[in-house]
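Student: This is the structure I have questions about; it appears just below.
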Amino acid sequence: MEIEIERTYLAKSLPEGLINCQNKEIMDLYLPKGSAHAKLRIRKSGDSYTITKKSLVKEGDASTQIEQNIKITEEEFKSFSKIEANSIHKMRYLYPYQGKTAEIDVFLDRFEGLVLIDFEFNTKEEHGEFQVPDFCLADVTQEDCIAGGVLSNSDFSSIKEFLEKYGYEKIRLV
């Protein structure tokens with residue numbers, strides 16, 4: 001079990017050179033199916049497979065969560081993938097930025113055009129002092145509607161109004 005401190009941003013644009021960065025395809029399955037905000041995730045990330053459960057450290061603050069992970073095998077993932085679950089499909093790019101790594105998620109399928117950027121921090125102080133890069137549009141860390149467990153039970157049209165509030169425009173990876 002570990003404490004995860006992070007911020008999530010809507011992308012304004014894709015940073016230069018992103019296409020050349022290390023990347024991996026991610027398939028997330030969220031349980032229980034149909035849950036308004038599923039907390040249990042089964043993930044295929046490249047050649048790695050995990051079950052993750054996240055919970056808030058402090059109610060109302062999504063920037064700090066307890067994250068419990070269990071590694072599983074590809075065979076176990078394939079078995080889980082037969083269960084009815086909500087899913088999300090994306091490409092994750094690891095982009096170096098001022099000594100940190102931006103995890104840039106370019107969503108596929110029904111969320112094509114959505115790009116979210118996560119930064120993880122070692123301390124609350126580091127989190128508080130972070131200078132937001134110019135390729136980020138808005139901090140949406142506290143917004144439930146873009147959390148994976150919520151997104152997995154929706155589609156682009158259900159978050160369209162939320163995105164318009166920030167002037168978000170769909171981004172395509174060329």
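Residues in the structure tokens are numbered from 1 in each chain, the chains being A, B, ... in the order shown, and ligands are numbered from 1 in the order shown.
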Given only C-alpha atoms, how would the per-residue table for segment 30-105 of chain A near segment 136-141 of chain A read, listing every residue at most 10 Å away with its closest atom pair and distance in Å to one decimal, sorted by chain and number, as CSV?
Tutor:
residue,atom,partner,partner_atom,distance
A:Asp61,CA,A:Thr141,CA,8.5
A:Ala62,CA,A:Thr141,CA,6.3
A:Ser63,CA,A:Thr141,CA,6.2
A:Thr64,CA,A:Thr141,CA,9.8
Student: If you count only C-alpha atoms, which residues fall within 9 Å of Lys90 of chain A, apart from same-chain ones fewer than 3 positions away, as a list in words?
Tutor: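 Here the qualifying residues turn out to be Lys24, Glu25, Ile26, Met27, Asp28, Asp105, Val106, Phe107, Leu108, Asp109, Phe111 and Glu112 of chain A.
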Student: Using the selection just defined, write its residues with N, CA, C and O atoms as a CSV table (one decimal), in the first residue's frame.
Tutor:
chain,number,residue,atom,x,y,z
A,24,LYS,N,3.1,3.3,-23.8
A,24,LYS,CA,2.5,1.9,-23.7
A,24,LYS,C,1.0,2.0,-23.8
A,24,LYS,O,0.4,3.0,-23.5
A,25,GLU,N,0.5,0.9,-24.3
A,25,GLU,CA,-1.0,0.8,-24.4
A,25,GLU,C,-1.5,0.4,-23.1
A,25,GLU,O,-1.0,-0.6,-22.5
A,26,ILE,N,-2.6,1.0,-22.7
A,26,ILE,CA,-3.2,0.6,-21.4
A,26,ILE,C,-4.7,0.2,-21.6
A,26,ILE,O,-5.4,1.0,-22.3
A,27,MET,N,-5.1,-0.9,-21.1
A,27,MET,CA,-6.5,-1.3,-21.0
A,27,MET,C,-6.9,-1.4,-19.6
A,27,MET,O,-6.3,-2.2,-18.8
A,28,ASP,N,-7.9,-0.6,-19.2
A,28,ASP,CA,-8.4,-0.7,-17.8
A,28,ASP,C,-9.8,-1.2,-17.7
A,28,ASP,O,-10.6,-0.8,-18.5
A,105,ASP,N,-1.9,10.8,-21.0
A,105,ASP,CA,-2.9,9.7,-21.5
A,105,ASP,C,-3.7,10.2,-22.7
A,105,ASP,O,-4.5,11.2,-22.6
A,106,VAL,N,-3.5,9.6,-23.8
A,106,VAL,CA,-4.2,9.9,-25.0
A,106,VAL,C,-5.2,8.8,-25.2
A,106,VAL,O,-4.9,7.7,-25.5
A,107,PHE,N,-6.5,9.2,-25.0
A,107,PHE,CA,-7.6,8.2,-24.9
A,107,PHE,C,-8.0,7.8,-26.3
A,107,PHE,O,-7.8,8.5,-27.3
A,108,LEU,N,-8.4,6.5,-26.4
A,108,LEU,CA,-8.8,5.9,-27.7
A,108,LEU,C,-10.3,5.6,-27.7
A,108,LEU,O,-11.0,5.8,-26.6
A,109,ASP,N,-10.8,5.0,-28.8
A,109,ASP,CA,-12.1,4.6,-28.9
A,109,ASP,C,-13.1,5.7,-28.6
A,109,ASP,O,-13.0,6.7,-29.1
A,111,PHE,N,-13.5,7.8,-26.3
A,111,PHE,CA,-12.9,9.0,-25.7
A,111,PHE,C,-11.9,9.6,-26.6
A,111,PHE,O,-11.1,10.5,-26.1
A,112,GLU,N,-11.8,9.2,-27.9
A,112,GLU,CA,-10.8,9.8,-28.8
A,112,GLU,C,-10.9,11.3,-28.8
A,112,GLU,O,-12.0,11.8,-28.9
Student: For Lys12 of chain A, list every protein, DNA or RNA residue within 10 Å, evaluated using only C-alpha atoms, and leave out those in the same chain fewer than 4 positions away; present the list as a list in words.
Tutor: Val115, Leu116, Ile117, Pro133, Asp134, Phe135, Cys136, Leu137, Ala138, Tyr166, Gly167, Tyr168, Glu169, Lys170 and Ile171 of chain A
Student: Return the single residue from A:Leu14, A:Tyr49, A:Lys58, A:Asp144 that is closest to Glu75 of chain A, with distances computed using only C-alpha atoms.
Tutor: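 Looking only at the distances to Glu75 of chain A, the closest residue turns out to be A:Tyr49.
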Student: Tell me which protein, DNA and RNA residues are within 12 Å of segment 3-7 of chain A, counting only C-alpha atoms, leaving out same-chain ones fewer than 5 positions away, and put them as a PyMOL selection string.
Tutor: chain A and resi 53-58+61-69+100-104+116-132+136+138-143+147
Student: Excluding Ile146 of chain A and its own-chain neighbours fewer than 4 positions away, which residues fall within 10 Å of it when counting only C-alpha atoms? Please give them as an NGL selection string.
Tutor: :A and (8-10 or 114 or 116 or 140-142 or 150-152 or 154 or 159 or 162-163)
Student: May I ask for the distance between atom CA of Asn23 of chain A and atom CA of Tyr93 of chain A, given in Å to one decimal place?
Tutor: 4.3 Å
Student: For Glu16 of chain A, which residue out of A:Tyr95, A:Ile51, A:Gly149, A:Glu164 is the nearest one, using only C-alpha atoms?
Tutor: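 Among A:Tyr95, A:Ile51, A:Gly149, A:Glu164, it is A:Tyr95 that comes nearest to Glu16 of chain A.
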Student: At a cut-off of 12 Å, using only C-alpha atoms, what residues contact Lys44 of chain A? Leave out same-chain residues fewer than 2 positions from it and give the result as an MDAnalysis selection string.
Tutor: chainID A and resid 24:30 41:42 46:52 71:78 80:81 87:92
Student: Please produce a file of those selected residues containing N, CA, C and O atoms, as a CSV table (one decimal), in the first residue's frame.
Tutor:
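part_16.csv, freshly written:
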chain,number,residue,atom,x,y,z
A,24,LYS,N,3.1,3.3,-23.8
A,24,LYS,CA,2.5,1.9,-23.7
A,24,LYS,C,1.0,2.0,-23.8
A,24,LYS,O,0.4,3.0,-23.5
A,25,GLU,N,0.5,0.9,-24.3
A,25,GLU,CA,-1.0,0.8,-24.4
A,25,GLU,C,-1.5,0.4,-23.1
A,25,GLU,O,-1.0,-0.6,-22.5
A,26,ILE,N,-2.6,1.0,-22.7
A,26,ILE,CA,-3.2,0.6,-21.4
A,26,ILE,C,-4.7,0.2,-21.6
A,26,ILE,O,-5.4,1.0,-22.3
A,27,MET,N,-5.1,-0.9,-21.1
A,27,MET,CA,-6.5,-1.3,-21.0
A,27,MET,C,-6.9,-1.4,-19.6
A,27,MET,O,-6.3,-2.2,-18.8
A,28,ASP,N,-7.9,-0.6,-19.2
A,28,ASP,CA,-8.4,-0.7,-17.8
A,28,ASP,C,-9.8,-1.2,-17.7
A,28,ASP,O,-10.6,-0.8,-18.5
A,29,LEU,N,-10.0,-2.1,-16.8
A,29,LEU,CA,-11.3,-2.7,-16.6
A,29,LEU,C,-11.7,-2.2,-15.2
A,29,LEU,O,-10.9,-2.4,-14.2
A,30,TYR,N,-12.9,-1.7,-15.0
A,30,TYR,CA,-13.4,-1.2,-13.7
A,30,TYR,C,-14.6,-2.0,-13.2
A,30,TYR,O,-15.5,-2.2,-14.0
A,41,ARG,N,-9.8,-1.4,-10.1
A,41,ARG,CA,-9.3,-1.4,-11.5
A,41,ARG,C,-8.4,-2.6,-11.8
A,41,ARG,O,-7.5,-2.9,-11.0
A,42,ILE,N,-8.6,-3.2,-12.9
A,42,ILE,CA,-7.8,-4.3,-13.4
A,42,ILE,C,-7.1,-3.8,-14.7
A,42,ILE,O,-7.8,-3.4,-15.6
A,46,GLY,N,1.1,-2.2,-21.1
A,46,GLY,CA,2.2,-2.9,-21.8
A,46,GLY,C,2.2,-4.4,-21.5
A,46,GLY,O,1.2,-5.0,-21.7
A,47,ASP,N,3.3,-4.9,-20.9
A,47,ASP,CA,3.4,-6.3,-20.5
A,47,ASP,C,3.2,-6.5,-19.1
A,47,ASP,O,3.5,-7.5,-18.5
A,48,SER,N,2.6,-5.5,-18.4
A,48,SER,CA,2.4,-5.6,-16.9
A,48,SER,C,0.9,-5.6,-16.6
A,48,SER,O,0.1,-5.0,-17.3
A,49,TYR,N,0.6,-6.4,-15.6
A,49,TYR,CA,-0.8,-6.6,-15.2
A,49,TYR,C,-1.0,-6.4,-13.7
A,49,TYR,O,-0.2,-6.9,-12.9
A,50,THR,N,-2.0,-5.5,-13.3
A,50,THR,CA,-2.2,-5.3,-11.9
A,50,THR,C,-3.7,-5.1,-11.6
A,50,THR,O,-4.5,-4.7,-12.5
A,51,ILE,N,-4.0,-5.4,-10.3
A,51,ILE,CA,-5.3,-5.0,-9.8
A,51,ILE,C,-5.0,-3.9,-8.8
A,51,ILE,O,-4.1,-4.0,-8.0
A,52,THR,N,-5.8,-2.8,-8.9
A,52,THR,CA,-5.5,-1.6,-8.1
A,52,THR,C,-6.8,-1.2,-7.4
A,52,THR,O,-7.9,-1.2,-8.1
A,71,LYS,N,0.1,-7.5,-8.3
A,71,LYS,CA,0.5,-7.9,-9.6
A,71,LYS,C,-0.2,-9.2,-9.9
A,71,LYS,O,-0.4,-10.1,-9.1
A,72,ILE,N,-0.6,-9.3,-11.2
A,72,ILE,CA,-1.2,-10.5,-11.7
A,72,ILE,C,-0.6,-10.9,-13.0
A,72,ILE,O,0.2,-10.1,-13.6
A,73,THR,N,-0.9,-12.1,-13.5
A,73,THR,CA,-0.3,-12.6,-14.7
A,73,THR,C,-1.2,-12.2,-15.9
A,73,THR,O,-2.3,-11.9,-15.7
A,74,GLU,N,-0.6,-12.4,-17.1
A,74,GLU,CA,-1.4,-12.2,-18.3
A,74,GLU,C,-2.6,-13.1,-18.3
A,74,GLU,O,-3.7,-12.7,-18.7
A,75,GLU,N,-2.4,-14.3,-17.9
A,75,GLU,CA,-3.5,-15.3,-17.9
A,75,GLU,C,-4.6,-14.9,-17.0
A,75,GLU,O,-5.8,-15.0,-17.3
A,76,GLU,N,-4.2,-14.4,-15.8
A,76,GLU,CA,-5.2,-13.9,-14.8
A,76,GLU,C,-6.0,-12.7,-15.4
A,76,GLU,O,-7.2,-12.6,-15.2
A,77,PHE,N,-5.2,-11.8,-16.1
A,77,PHE,CA,-5.9,-10.6,-16.7
A,77,PHE,C,-6.9,-11.1,-17.7
A,77,PHE,O,-8.0,-10.6,-17.7
A,78,LYS,N,-6.5,-12.1,-18.5
A,78,LYS,CA,-7.5,-12.6,-19.6
A,78,LYS,C,-8.7,-13.2,-18.9
A,78,LYS,O,-9.8,-13.0,-19.4
A,80,PHE,N,-10.0,-12.2,-16.0
A,80,PHE,CA,-10.8,-11.1,-15.5
A,80,PHE,C,-11.5,-10.4,-16.6
A,80,PHE,O,-12.6,-9.8,-16.4
A,81,SER,N,-10.8,-10.3,-17.8
A,81,SER,CA,-11.4,-9.6,-18.9
A,81,SER,C,-12.7,-10.2,-19.4
A,81,SER,O,-13.5,-9.6,-20.1
A,87,SER,N,-14.8,-0.3,-19.3
A,87,SER,CA,-13.4,-0.3,-19.7
A,87,SER,C,-13.0,1.1,-20.3
A,87,SER,O,-13.8,1.9,-20.7
A,88,ILE,N,-11.7,1.3,-20.3
A,88,ILE,CA,-11.1,2.5,-20.9
A,88,ILE,C,-9.8,2.0,-21.6
A,88,ILE,O,-9.1,1.2,-21.1
A,89,HIS,N,-9.6,2.6,-22.8
A,89,HIS,CA,-8.5,2.2,-23.6
A,89,HIS,C,-7.7,3.5,-23.9
A,89,HIS,O,-8.3,4.5,-24.3
A,90,LYS,N,-6.4,3.5,-23.7
A,90,LYS,CA,-5.6,4.7,-23.9
A,90,LYS,C,-4.1,4.3,-24.2
A,90,LYS,O,-3.7,3.2,-23.9
A,91,MET,N,-3.4,5.3,-24.7
A,91,MET,CA,-2.0,5.2,-24.8
A,91,MET,C,-1.4,6.2,-23.8
A,91,MET,O,-1.9,7.3,-23.7
A,92,ARG,N,-0.4,5.7,-23.1
A,92,ARG,CA,0.3,6.6,-22.1
A,92,ARG,C,1.7,6.9,-22.5
A,92,ARG,O,2.4,6.0,-22.8
Student: With distances taken over only C-alpha atoms, which residue among A:Leu40, A:Leu173, A:Leu31, A:Cys21 lies nearest Ile70 of chain A?
Tutor: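 Of A:Leu40, A:Leu173, A:Leu31, A:Cys21, the one nearest Ile70 of chain A is A:Leu40, counting only C-alpha atoms.
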Student: What are the DSSP strand (DSSP E) residues of segment 15-98 of chain A, as a ChimeraX atom specification?
Tutor: /A:23-31,40-45,48-58,61-71,86-97
